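Colleague: Let me begin by handing over the structure; questions about it come next.
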Amino acid sequence: MYSLPHQQLLLLLAFVFVLGFLTSSCHALYEDQVGVWDWHQQYIGRVKHAVFQTQGSGRKRVVVATEQNALASLNLRTGEIYWRHVLGESDPIDVLELASGKYVMTLSGGTNVRAWHLPDGILIWEAAIPSSKGSNPPRLVALPVDIDNDKINDLLVLSGSVLAALSGQDGTTIWKVDISGKDVDIRDVIVATEELKAYGVGFIGDSGFTIIEIDLHAGTITDRKTAMTSETLSVTELLVSKQFAVALDSKGTHLVTVSINANGLTVLETALSSLSLNAVGLPKLLPTKLDGAISLALGDLTAIVAVDPTSGELRTVETLVGAVAVSDSLSLANSKHSVAIIQLLEGGHSQNTFSLHVHGEDWTEVVQKETVKLPSHRGHVQKVFLNAYLRTDRTHGFRALVVGEDDSLLLLQQGEIVWTREDELASIVDAKSAELPLERDGVSVAEVEHDLAEWLKGHFLKLKATLFLASADEIAAVQESRLNQADKTKLTRDHNGFRKLLLVLTKSGKLLALHTGDGRIVWSLLIPGFRAPHGGPQVCPEKLLLWQVPHQHAEERPEVLVLGKSCSTSDFPAVLSWVDAYKGIELHTMKLSYPVTHALGLPLTDSSEQRLHLFVDDQAQAHLLPGSEESLDLFLKQKDNAYFYEVDRTKGIIEGYGIKGLVESSRQTSSEGYLFETEKLWSVVFPEETESIATVATRRPDEVVHTQAKVLGNREVLFKYLNKNMIFVATVTPKSVGLLGAASPEDSTVVAYLIDTVTGRILHRVTHPSMQGPVHAVLSENWVVYHYFNLRNHRYEMSVLETYDQSRVGDKGVMQLMLGRHNASAPLSSYSSSNVEVKGQSYFFTYTVKTLTVTTTARGITSKQLLLGTVTDQVLALDKRLLDPRRSATPTPSEREEGILPLTDAIPISPQGYLTNGYQVEGLRGILTIPARLESTCLVFAYGLDLFYTRTAPSRTYDSLTEDFSYALLLMTIVALLIAIAVTYVLAERKELAEKWK
């Protein structure tokens with residue numbers, strides 16, 4: 001038997017050890033790796049209700065309810081979230097109250113009353129109030145008395161025409177009464193605790209007031225009073241106080257006051273002109289709850305009008321011009337009240353400086369006055385909530401919780417900003433990525449890297465942790481160093497392309513740049529071009545477009561284009577804003593003379609690397625931007641290859657258009673873009689009686705396809721049908737458009753189409769009977785995956801369609817693939833005859849899907865993963881091989897060699913497939929995938945009410961070492977290997993010498 005020498009055996013064993021060490025990789029994320037390259041941020045959204053809890057010795061907190069249906073308790077000193085609950089989209093929080101100092105009471109959807117435990121947010125009880133007629137806003141009043149003798153104060157709920165008393169202990173209904181009558185519309189309810197009476201106040205008809213008296217113990221109506229007016233009232237607004245109610249007349253020229261007293265109702269009509277208030281347009285009553293006063297908006301003017309509770313006479317006590325926010329009255333000791341007013345100072349626009357003054361109850365004394373300077377990207381103050389605290393001298397100090405124009409939340413105290421929450425990030429409408437600038441020559445490596453000693457020390461600690469020799473303090477130091485890597489937060493590009501800017505556009509018209517390293521805000525801009533004048537039409541951000549992405553001119557700054565539309569009407573002209581992606585500065589803005597239905601980015605760039613765009617107006621005319629002669633010449637050369645389509649979901653029509661010719665008159669107004677006439681080429685009409693468009697999916701315009709051929713296990717070749725003009729359309733029957741189970745299986749059908757948008761030709765059609773939407777789909781390369789619900793099996797399904805070009809079956813050789821008629825560089829025409837083969841398969845799936853996308857890499861070599869936003873607000877990654885239509889129950893040896901998995905009726909889900917780990921992205925709405933420079937890695941950004949960022953490697957990191965790779969252990973292995981070589985060499989020499997002496 002042949003045996004290896006000792007030194008060769010040791011060398012072989014050492015080589016095997018090093019090779020195994022280098023090729024080892026993990027299939028999941030370890031606990032100490034969380035937060036190394038991923039981050040998670042929690043938000044609550046735009047605050048609409050807030051109540052403070054500062055009494056007692058417990059935690060000082062403020063409980064808020066937001067427009068995103070989030071209920072949260074915040075630390076009053078830091079703004080951090082103690083607890084948070086997010087209700088459903090159809091369950092908006094209408095009223096927020098504190099009861100008994102330890103419960104949070106909410107009324108949502110007008111019918112659902114909930115009691116939450118204040119310290120930890122646990123749901124104590126939930127009660128449903130039967131819905132009733134009436135359009136008035138629901139009311140909830142926490143009673144200061146116990147009417148059912150269970151030693152816990154109770155509640156009153158006004159919902160529609162029903163007034164109900166609920167037990168504060170368990171939410172059971174004590175009594176309920178229908179307070180409606182002929183032409184009676186009760187708008188609010190007030191409580192007289194001393195009399196144990198409740199009073200419902202509202203309108204009778206359109207020319208009178210009515211008040212209904214209810215006994216709190218019995219729940220019976222004991223009295224009704226009415227008072228008629230000489231003017232027709234505006235019954236949409238009514239401000240109610242304990243002693244009076246105020247409404248506007250229908251013409252907007254008079255304030256009508258009704259005083260509530262023991263003798264009845266006294267009505268007084270006061271002309272606005274007598275109050276020295278000249279209305280500009282129709283006045284509006286502001287829903288601010290003031291003690292003994294009301295607030296009124298008249299164009300750019302906000303007036304505070306005091307009301308005499310006995311006579312109903314009015315007097316103007318404060319007139320404010322410009323951006324103003326008024327808080328509700330705050331009750332203090334000795335039955336005193338205070339009100340906070342925040343007003344933009346005259347001449348303070350450039351510095352965003354505001355005056356915060358707190359008035360006493362008689363409006364003549366200013367209790368506190370401060371000047372606050374807010375950052376310019378916060379905009380004007382929209383809402384303010386006042387809270388009082390006792391100073392050391394036993395006087396009252398005040399803090400104000402304000403909501404900015406950008407939806408951010410700030411706490412102001414003593415003229416300073418105590419803390420700020422960036423809750424505008426809870427309402428992202430679009431997101432893009434941008435490259436960071438190149439690292440300049442003047443930057444020293446020592447500024448961003450550790451020195452050699454610290455580098456060796458860090459890797460030595462990692463080695464000890466790997467070998468389980470590190471102490472608890474050393475393990476904590478290793479974890480801290482991983483989380484605080486200096487290179488991942490630099491504002492320059494890295495070699496692997498992991499460091500980027502995430503440009504996010506929010507609903508409030510704010511554009512922010514987030515760093516992918518740690519999620520911090522690099523810059524933010526409240527887009528000036530979208531800020532409507534006071535009382536003017538509001539502009540809502542619609543889309544974020546990459547306008548200029550420098551490659552050859554790397555020293556230039558990239559630019560993004562933000563498209564804005566009217567929030568109310570579709571025929572309002574659009575607004576464009578160009579923003580510097582590095583500095584966050586608006587370069588210029590343009591208000592177009594036409595509305596924009598959709599914007600199309602063209603695959604053409606001019607000499608300055610500005611991308612050409614087509615903006616389609618409501619007349620289906622196309623406008624070319626930028627409006628330069630160079631861009632016009634470029635587009636005219638490719639005009640015949642430019643097509644677009646429009647989808648009208650309401651009518652069930654998809655129409656395709658081509659570009660005809662330039663309107664010569666647009667040369668004189670090229671600043672708004674060159675105008676091109678269009679021609680309708682085709683249309684696909686779905687019958688309204690049988691089909692309704694559910695979803696439309698398109699390919700990413702920047703998607704990279706590595707190969708057009710798919711090599712099978714038997715060495716056969718399938719050629720992908722790579723048509724960039726192909727779209728996926730799914731329709732459902734009109735009866736099944738609603739909630740799941742709204743229609744029977746016989747009346748529900750999902751139909752899937754593959755349509756060429758140049759010719760309007762339907763390439764493929766497949767019908768799924770007994771299926772119901774919503775349908776979520778993703779289209780990539782030559783395949784589409786879509787998700788829907790199976791009514792018969794009561795399970796979700798996912799289907800896949802793959803398209804292959806059968807006209808290229810004869811091209812099997814390498815030379816034909818490179819030089820033949822169908823080589824990779826040959827253009828694909830939609831007008832040429834095509835023989836498309838479609839392979840399909842359906843699988844059961846476990847979860848409800850909220851959004852669906854696919855990973856993308858720099859060169860398209862890496863395998864694809866489907867990223868699904870699940871109903872649990874997590875991101876699940878599925879290998880595309882699980883949705884291969886060629887899967888069979890018994891794969892052949894060649895198919896197994898190809899990697900085809902055996903067929904199963906359901907798609908298996910691995911716990912390691914959750915990219916979000918243990919986090920939840922509340923209200924998940926979208927997932928953005930970004931290719932890194934490293935081919936194996938894809939960057940993933942998920943957004944909703946929360947934000948989450950991570951990386952994924954669908955085919956593992958085959959082109960790089962992992963970040964936790966132990967270089968110290970490698971060095972020790974090499975040193976041990978060298979020592980072993982030296983020792984074995986000496987031993988071998990001695991042995992050879994001893995053999996010779998024999």
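A note on labels: chains of the structure tokens are A, B, ... as shown, every chain counts residues from 1, and ligands are counted from 1 in their shown order.
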Considering only C-alpha atoms, return as a PyMOL selection string whatever protein or nucleic-acid residues lie within 12 Å of Pro130 in chain A, sequence-local ones (same chain, fewer than 4 positions apart) excluded.
Modeller: chain A and resi 109-113+157-164+173+176-178
Colleague: Report as JSON lines the residues of range 821-918 of chain A within 9 Å of range 927-951 of chain A, each with its shortest atom pair and distance in Å (one decimal), using only C-alpha atoms, ordered by chain and increasing residue number.
Modeller:
```
{"residue": "A:Thr851", "atom": "CA", "partner": "A:Ile927", "partner_atom": "CA", "distance": 7.4}
{"residue": "A:Leu852", "atom": "CA", "partner": "A:Ile927", "partner_atom": "CA", "distance": 7.7}
{"residue": "A:Thr853", "atom": "CA", "partner": "A:Ile927", "partner_atom": "CA", "distance": 6.8}
{"residue": "A:Val854", "atom": "CA", "partner": "A:Thr929", "partner_atom": "CA", "distance": 7.4}
{"residue": "A:Thr855", "atom": "CA", "partner": "A:Thr929", "partner_atom": "CA", "distance": 5.8}
{"residue": "A:Thr856", "atom": "CA", "partner": "A:Pro931", "partner_atom": "CA", "distance": 5.5}
{"residue": "A:Thr857", "atom": "CA", "partner": "A:Pro931", "partner_atom": "CA", "distance": 4.3}
{"residue": "A:Ala858", "atom": "CA", "partner": "A:Pro931", "partner_atom": "CA", "distance": 5.2}
{"residue": "A:Arg859", "atom": "CA", "partner": "A:Glu935", "partner_atom": "CA", "distance": 6.5}
{"residue": "A:Gly860", "atom": "CA", "partner": "A:Glu935", "partner_atom": "CA", "distance": 7.8}
{"residue": "A:Ile861", "atom": "CA", "partner": "A:Glu935", "partner_atom": "CA", "distance": 7.3}
{"residue": "A:Thr862", "atom": "CA", "partner": "A:Ser936", "partner_atom": "CA", "distance": 5.9}
{"residue": "A:Ser863", "atom": "CA", "partner": "A:Ser936", "partner_atom": "CA", "distance": 8.8}
{"residue": "A:Leu867", "atom": "CA", "partner": "A:Ile927", "partner_atom": "CA", "distance": 7.9}
{"residue": "A:Leu868", "atom": "CA", "partner": "A:Ile927", "partner_atom": "CA", "distance": 8.5}
{"residue": "A:Gly869", "atom": "CA", "partner": "A:Ile927", "partner_atom": "CA", "distance": 7.7}
{"residue": "A:Asp873", "atom": "CA", "partner": "A:Gly944", "partner_atom": "CA", "distance": 8.9}
{"residue": "A:Val875", "atom": "CA", "partner": "A:Ala942", "partner_atom": "CA", "distance": 7.8}
{"residue": "A:Leu915", "atom": "CA", "partner": "A:Thr950", "partner_atom": "CA", "distance": 7.3}
{"residue": "A:Thr916", "atom": "CA", "partner": "A:Phe948", "partner_atom": "CA", "distance": 7.4}
```
Colleague: How would the residues just picked look written out with all heavy atoms as a compact mmCIF listing (two decimals), in the first residue's frame?
Modeller:
```
# COMPACT_ATOMS: atom_id res chain seq x y z
N THR A 851 -48.20 43.12 -1.37
CA THR A 851 -47.41 43.66 -2.47
C THR A 851 -46.46 42.58 -2.94
O THR A 851 -46.14 41.64 -2.19
CB THR A 851 -46.64 44.93 -2.05
OG1 THR A 851 -45.93 45.47 -3.16
CG2 THR A 851 -45.64 44.61 -0.94
N LEU A 852 -46.01 42.70 -4.18
CA LEU A 852 -45.22 41.64 -4.80
C LEU A 852 -44.19 42.28 -5.72
O LEU A 852 -44.51 43.16 -6.52
CB LEU A 852 -46.12 40.70 -5.60
CG LEU A 852 -45.53 39.46 -6.25
CD1 LEU A 852 -44.92 38.54 -5.20
CD2 LEU A 852 -46.59 38.72 -7.04
N THR A 853 -42.93 41.87 -5.60
CA THR A 853 -41.87 42.36 -6.48
C THR A 853 -40.83 41.27 -6.63
O THR A 853 -40.99 40.15 -6.12
CB THR A 853 -41.26 43.66 -5.91
OG1 THR A 853 -40.37 44.23 -6.88
CG2 THR A 853 -40.49 43.39 -4.63
N VAL A 854 -39.74 41.58 -7.33
CA VAL A 854 -38.70 40.60 -7.62
C VAL A 854 -37.35 41.26 -7.42
O VAL A 854 -37.20 42.48 -7.56
CB VAL A 854 -38.85 40.07 -9.07
CG1 VAL A 854 -38.60 41.17 -10.08
CG2 VAL A 854 -37.95 38.88 -9.32
N THR A 855 -36.35 40.46 -7.03
CA THR A 855 -35.01 40.99 -6.85
C THR A 855 -34.39 41.35 -8.19
O THR A 855 -34.75 40.79 -9.23
CB THR A 855 -34.11 39.97 -6.13
OG1 THR A 855 -34.09 38.75 -6.89
CG2 THR A 855 -34.61 39.69 -4.73
N THR A 856 -33.47 42.27 -8.16
CA THR A 856 -32.76 42.68 -9.36
C THR A 856 -31.29 42.86 -9.03
O THR A 856 -30.95 43.35 -7.94
CB THR A 856 -33.35 43.98 -9.93
OG1 THR A 856 -32.58 44.40 -11.07
CG2 THR A 856 -33.33 45.09 -8.90
N THR A 857 -30.42 42.43 -9.94
CA THR A 857 -28.98 42.52 -9.73
C THR A 857 -28.34 43.27 -10.89
O THR A 857 -28.98 43.55 -11.91
CB THR A 857 -28.35 41.13 -9.58
OG1 THR A 857 -28.71 40.32 -10.71
CG2 THR A 857 -28.82 40.46 -8.31
N ALA A 858 -27.08 43.58 -10.74
CA ALA A 858 -26.40 44.47 -11.68
C ALA A 858 -26.35 43.90 -13.09
O ALA A 858 -26.55 44.63 -14.07
CB ALA A 858 -24.98 44.77 -11.18
N ARG A 859 -26.09 42.61 -13.25
CA ARG A 859 -25.94 42.02 -14.59
C ARG A 859 -26.97 40.94 -14.88
O ARG A 859 -26.93 40.32 -15.94
CB ARG A 859 -24.53 41.46 -14.75
CG ARG A 859 -23.45 42.54 -14.65
CD ARG A 859 -22.05 41.94 -14.59
NE ARG A 859 -21.05 42.96 -14.43
CZ ARG A 859 -20.71 43.52 -13.27
NH1 ARG A 859 -21.32 43.11 -12.16
NH2 ARG A 859 -19.79 44.46 -13.21
N GLY A 860 -27.85 40.67 -13.96
CA GLY A 860 -28.90 39.69 -14.19
C GLY A 860 -28.44 38.26 -14.17
O GLY A 860 -29.16 37.37 -14.63
N ILE A 861 -27.24 37.98 -13.65
CA ILE A 861 -26.72 36.61 -13.62
C ILE A 861 -27.32 35.83 -12.45
O ILE A 861 -27.67 34.66 -12.59
CB ILE A 861 -25.18 36.63 -13.51
CG1 ILE A 861 -24.57 37.39 -14.69
CG2 ILE A 861 -24.63 35.22 -13.44
CD1 ILE A 861 -23.08 37.60 -14.58
N THR A 862 -27.46 36.48 -11.32
CA THR A 862 -27.92 35.81 -10.10
C THR A 862 -29.37 35.35 -10.25
O THR A 862 -30.18 36.00 -10.92
CB THR A 862 -27.80 36.78 -8.91
OG1 THR A 862 -26.46 37.26 -8.85
CG2 THR A 862 -28.13 36.09 -7.61
N SER A 863 -29.67 34.24 -9.61
CA SER A 863 -31.04 33.72 -9.63
C SER A 863 -32.00 34.74 -9.02
O SER A 863 -31.62 35.58 -8.21
CB SER A 863 -31.11 32.40 -8.84
OG SER A 863 -30.23 31.45 -9.39
N LEU A 867 -40.16 38.65 -3.80
CA LEU A 867 -40.30 39.29 -2.50
C LEU A 867 -41.77 39.62 -2.29
O LEU A 867 -42.36 40.38 -3.05
CB LEU A 867 -39.44 40.56 -2.42
CG LEU A 867 -37.94 40.38 -2.68
CD1 LEU A 867 -37.21 41.69 -2.49
CD2 LEU A 867 -37.35 39.31 -1.77
N LEU A 868 -42.35 39.02 -1.27
CA LEU A 868 -43.77 39.16 -1.00
C LEU A 868 -43.97 39.91 0.30
O LEU A 868 -43.39 39.56 1.34
CB LEU A 868 -44.46 37.79 -0.90
CG LEU A 868 -44.52 36.91 -2.15
CD1 LEU A 868 -43.22 36.13 -2.34
CD2 LEU A 868 -45.68 35.93 -2.04
N GLY A 869 -44.79 40.95 0.24
CA GLY A 869 -45.23 41.62 1.46
C GLY A 869 -46.46 40.90 1.99
O GLY A 869 -47.51 40.94 1.36
N ASP A 873 -47.29 41.88 7.56
CA ASP A 873 -46.39 43.03 7.39
C ASP A 873 -44.93 42.62 7.49
O ASP A 873 -44.12 43.31 8.12
CB ASP A 873 -46.71 44.12 8.40
CG ASP A 873 -48.05 44.78 8.11
OD1 ASP A 873 -48.38 44.93 6.93
OD2 ASP A 873 -48.76 45.15 9.07
N VAL A 875 -41.59 40.78 5.00
CA VAL A 875 -41.11 40.56 3.64
C VAL A 875 -40.58 39.13 3.56
O VAL A 875 -39.64 38.76 4.27
CB VAL A 875 -40.01 41.56 3.24
CG1 VAL A 875 -39.52 41.28 1.83
CG2 VAL A 875 -40.55 42.98 3.34
N LEU A 915 -36.99 38.09 5.22
CA LEU A 915 -35.91 39.07 5.23
C LEU A 915 -36.03 40.03 6.40
O LEU A 915 -35.03 40.60 6.86
CB LEU A 915 -35.89 39.85 3.93
CG LEU A 915 -35.68 39.05 2.64
CD1 LEU A 915 -35.60 39.98 1.45
CD2 LEU A 915 -34.42 38.19 2.72
N THR A 916 -37.26 40.23 6.88
CA THR A 916 -37.47 41.17 7.98
C THR A 916 -37.14 40.57 9.34
O THR A 916 -37.30 41.26 10.36
CB THR A 916 -38.94 41.64 7.98
OG1 THR A 916 -39.80 40.52 7.75
CG2 THR A 916 -39.16 42.65 6.88
```
Colleague: Residues of range 939-992 of chain A classed as strand (DSSP E or B) by DSSP on the backbone are to be reported as a list in words.
Modeller: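 Residues of range 939-992 of chain A classed as strand (DSSP E or B): Leu939, Val940, Phe941, Ala942, Tyr943, Leu947, Phe948, Tyr949, Thr950, Arg951 and Thr952 of chain A.
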Colleague: Please produce a file of the residues just selected, as a PDB file, in the first residue's frame, where the atoms kept are N, CA and C atoms.
Modeller:
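The result, stored in selection_25.pdb:
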```pdb
ATOM      1  N   LEU A 939     -30.209  45.000  -2.855  1.00  0.00           N
ATOM      2  CA  LEU A 939     -30.623  45.808  -1.720  1.00  0.00           C
ATOM      3  C   LEU A 939     -32.146  45.898  -1.708  1.00  0.00           C
ATOM      4  N   VAL A 940     -32.741  45.798  -0.527  1.00  0.00           N
ATOM      5  CA  VAL A 940     -34.195  45.746  -0.383  1.00  0.00           C
ATOM      6  C   VAL A 940     -34.629  46.826   0.597  1.00  0.00           C
ATOM      7  N   PHE A 941     -35.584  47.657   0.159  1.00  0.00           N
ATOM      8  CA  PHE A 941     -36.137  48.719   1.007  1.00  0.00           C
ATOM      9  C   PHE A 941     -37.651  48.564   1.023  1.00  0.00           C
ATOM     10  N   ALA A 942     -38.207  48.297   2.206  1.00  0.00           N
ATOM     11  CA  ALA A 942     -39.654  48.128   2.378  1.00  0.00           C
ATOM     12  C   ALA A 942     -40.186  49.307   3.187  1.00  0.00           C
ATOM     13  N   TYR A 943     -41.326  49.840   2.750  1.00  0.00           N
ATOM     14  CA  TYR A 943     -41.871  51.012   3.425  1.00  0.00           C
ATOM     15  C   TYR A 943     -43.376  50.884   3.587  1.00  0.00           C
ATOM     16  N   LEU A 947     -40.252  51.686   8.235  1.00  0.00           N
ATOM     17  CA  LEU A 947     -39.255  51.513   7.188  1.00  0.00           C
ATOM     18  C   LEU A 947     -38.339  50.354   7.567  1.00  0.00           C
ATOM     19  N   PHE A 948     -37.923  49.596   6.555  1.00  0.00           N
ATOM     20  CA  PHE A 948     -36.998  48.490   6.788  1.00  0.00           C
ATOM     21  C   PHE A 948     -36.070  48.378   5.583  1.00  0.00           C
ATOM     22  N   TYR A 949     -34.794  48.140   5.878  1.00  0.00           N
ATOM     23  CA  TYR A 949     -33.792  48.008   4.824  1.00  0.00           C
ATOM     24  C   TYR A 949     -32.891  46.821   5.141  1.00  0.00           C
ATOM     25  N   THR A 950     -32.541  46.057   4.119  1.00  0.00           N
ATOM     26  CA  THR A 950     -31.627  44.925   4.298  1.00  0.00           C
ATOM     27  C   THR A 950     -31.015  44.573   2.954  1.00  0.00           C
ATOM     28  N   ARG A 951     -30.217  43.525   2.949  1.00  0.00           N
ATOM     29  CA  ARG A 951     -29.643  42.973   1.718  1.00  0.00           C
ATOM     30  C   ARG A 951     -30.073  41.520   1.598  1.00  0.00           C
ATOM     31  N   THR A 952     -30.108  41.062   0.376  1.00  0.00           N
ATOM     32  CA  THR A 952     -30.380  39.649   0.151  1.00  0.00           C
ATOM     33  C   THR A 952     -29.473  39.151  -0.961  1.00  0.00           C
TER      34      THR A 952
END
```
Colleague: Which value, in Å to one decimal, gives the distance between CA of Val104 in chain A and CA of Leu76 in chain A?
Modeller: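 Going from CA of Val104 in chain A over to CA of Leu76 in chain A covers 16.3 Å.
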Colleague: For Thr210 in chain A, list every protein, DNA or RNA residue within 6 Å, evaluated using only C-alpha atoms, and leave out those in the same chain fewer than 5 positions away; present the list as a PDB file with N, CA, C and O atoms, in the first residue's frame.
Modeller:
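Contents of the output file out.pdb:
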```pdb
ATOM      1  N   VAL A 201     -77.371  68.753  20.944  1.00  0.00           N
ATOM      2  CA  VAL A 201     -77.570  70.023  20.263  1.00  0.00           C
ATOM      3  C   VAL A 201     -77.389  69.799  18.768  1.00  0.00           C
ATOM      4  O   VAL A 201     -76.446  69.122  18.338  1.00  0.00           O
ATOM      5  N   GLY A 202     -78.306  70.371  17.980  1.00  0.00           N
ATOM      6  CA  GLY A 202     -78.199  70.212  16.535  1.00  0.00           C
ATOM      7  C   GLY A 202     -79.158  71.108  15.801  1.00  0.00           C
ATOM      8  O   GLY A 202     -79.630  72.131  16.325  1.00  0.00           O
ATOM      9  N   PHE A 203     -79.446  70.749  14.548  1.00  0.00           N
ATOM     10  CA  PHE A 203     -80.317  71.540  13.681  1.00  0.00           C
ATOM     11  C   PHE A 203     -81.673  70.859  13.551  1.00  0.00           C
ATOM     12  O   PHE A 203     -81.800  69.640  13.623  1.00  0.00           O
ATOM     13  N   ILE A 204     -82.666  71.690  13.308  1.00  0.00           N
ATOM     14  CA  ILE A 204     -83.965  71.194  12.885  1.00  0.00           C
ATOM     15  C   ILE A 204     -84.276  71.844  11.546  1.00  0.00           C
ATOM     16  O   ILE A 204     -84.393  73.074  11.442  1.00  0.00           O
ATOM     17  N   LYS A 225     -86.370  71.402  22.973  1.00  0.00           N
ATOM     18  CA  LYS A 225     -86.537  72.823  22.740  1.00  0.00           C
ATOM     19  C   LYS A 225     -86.046  73.155  21.336  1.00  0.00           C
ATOM     20  O   LYS A 225     -85.068  72.581  20.866  1.00  0.00           O
ATOM     21  N   THR A 226     -86.748  74.076  20.692  1.00  0.00           N
ATOM     22  CA  THR A 226     -86.364  74.492  19.348  1.00  0.00           C
ATOM     23  C   THR A 226     -86.384  76.007  19.266  1.00  0.00           C
ATOM     24  O   THR A 226     -87.071  76.687  20.043  1.00  0.00           O
TER      25      THR A 226
END
```
Colleague: For Pro908 in chain A, list every protein, DNA or RNA residue within 9 Å, evaluated using only C-alpha atoms, and leave out those in the same chain fewer than 4 positions away; present the list as an MDAnalysis selection string.
Modeller: chainID A and resid 845:846 882 904
Colleague: Selection from above, N, CA, C and O atoms, as a compact mmCIF listing (two decimals), in the first residue's frame, can you write it?
Modeller:
```
# COMPACT_ATOMS: atom_id res chain seq x y z
N PHE A 845 -50.88 28.66 -1.93
CA PHE A 845 -49.99 29.49 -1.14
C PHE A 845 -50.67 29.82 0.17
O PHE A 845 -51.90 29.96 0.25
N THR A 846 -49.89 29.99 1.24
CA THR A 846 -50.45 30.10 2.58
C THR A 846 -50.96 31.49 2.90
O THR A 846 -52.02 31.64 3.52
N LEU A 882 -39.21 27.61 -7.04
CA LEU A 882 -40.42 27.03 -6.48
C LEU A 882 -41.63 27.29 -7.38
O LEU A 882 -42.65 26.61 -7.27
N THR A 904 -45.11 19.89 -5.89
CA THR A 904 -45.97 19.81 -4.70
C THR A 904 -47.16 20.72 -4.94
O THR A 904 -47.09 21.68 -5.71
```
Colleague: Taking the DSSP assignment computed from this structure's backbone, write out as a list in words all residues of range 142-370 of chain A that belong to helix (DSSP H, G or I).
Modeller: Leu272, Ser273, Ser274, Leu275, Ala333, Asn334 and Ser335 of chain A
Colleague: Kindly export the residues of the current selection with all heavy atoms, as a JSON list (two decimals), in the first residue's frame.
Modeller:
```json
[["chain", "number", "residue", "atom", "x", "y", "z"],
["A", 272, "LEU", "N", -71.02, 89.63, 9.96],
["A", 272, "LEU", "CA", -69.56, 89.60, 10.07],
["A", 272, "LEU", "C", -68.97, 90.98, 9.90],
["A", 272, "LEU", "O", -67.93, 91.30, 10.49],
["A", 272, "LEU", "CB", -68.99, 88.64, 9.02],
["A", 272, "LEU", "CG", -69.28, 87.15, 9.21],
["A", 272, "LEU", "CD1", -68.72, 86.35, 8.04],
["A", 272, "LEU", "CD2", -68.69, 86.65, 10.51],
["A", 273, "SER", "N", -69.62, 91.82, 9.11],
["A", 273, "SER", "CA", -69.10, 93.17, 8.90],
["A", 273, "SER", "C", -69.13, 93.98, 10.19],
["A", 273, "SER", "O", -68.29, 94.85, 10.39],
["A", 273, "SER", "CB", -69.92, 93.87, 7.81],
["A", 273, "SER", "OG", -71.30, 93.90, 8.16],
["A", 274, "SER", "N", -70.09, 93.69, 11.08],
["A", 274, "SER", "CA", -70.14, 94.42, 12.36],
["A", 274, "SER", "C", -69.02, 94.02, 13.30],
["A", 274, "SER", "O", -68.77, 94.70, 14.29],
["A", 274, "SER", "CB", -71.50, 94.18, 13.03],
["A", 274, "SER", "OG", -71.63, 92.80, 13.39],
["A", 275, "LEU", "N", -68.38, 92.90, 13.01],
["A", 275, "LEU", "CA", -67.24, 92.45, 13.82],
["A", 275, "LEU", "C", -65.92, 92.87, 13.22],
["A", 275, "LEU", "O", -64.86, 92.37, 13.62],
["A", 275, "LEU", "CB", -67.28, 90.92, 13.95],
["A", 275, "LEU", "CG", -68.50, 90.32, 14.63],
["A", 275, "LEU", "CD1", -68.47, 88.81, 14.54],
["A", 275, "LEU", "CD2", -68.59, 90.77, 16.08],
["A", 333, "ALA", "N", -56.30, 74.71, 37.05],
["A", 333, "ALA", "CA", -56.91, 74.72, 38.38],
["A", 333, "ALA", "C", -57.79, 75.95, 38.54],
["A", 333, "ALA", "O", -57.66, 76.95, 37.82],
["A", 333, "ALA", "CB", -55.81, 74.71, 39.44],
["A", 334, "ASN", "N", -58.74, 75.89, 39.47],
["A", 334, "ASN", "CA", -59.64, 77.00, 39.79],
["A", 334, "ASN", "C", -60.51, 77.39, 38.60],
["A", 334, "ASN", "O", -60.84, 78.57, 38.40],
["A", 334, "ASN", "CB", -58.85, 78.23, 40.27],
["A", 334, "ASN", "CG", -58.01, 77.91, 41.50],
["A", 334, "ASN", "OD1", -58.43, 77.14, 42.37],
["A", 334, "ASN", "ND2", -56.82, 78.47, 41.58],
["A", 335, "SER", "N", -60.86, 76.37, 37.76],
["A", 335, "SER", "CA", -61.77, 76.58, 36.62],
["A", 335, "SER", "C", -61.23, 77.59, 35.61],
["A", 335, "SER", "O", -61.99, 78.26, 34.91],
["A", 335, "SER", "CB", -63.15, 77.04, 37.09],
["A", 335, "SER", "OG", -63.72, 76.08, 37.96]]
```
Colleague: Smallest atom-to-atom distance to Ser671 in chain A: which of A:Ser692, A:Val616, A:Leu592, A:Val86, using only C-alpha atoms?
Modeller: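 For Ser671 in chain A, the nearest of the candidates is A:Leu592.
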Colleague: How many Å lie between CA of Leu356 in chain A and CA of Leu390 in chain A, rounded to one decimal?
Modeller: 18.6 Å
Colleague: Just the residues within 8 Å of Thr757 in chain A, please, counting only C-alpha atoms, with nothing from its chain fewer than 3 positions along; format it as a VMD selection string.
Modeller: chain A and resid 643 to 645 656 725 to 727 760 to 761
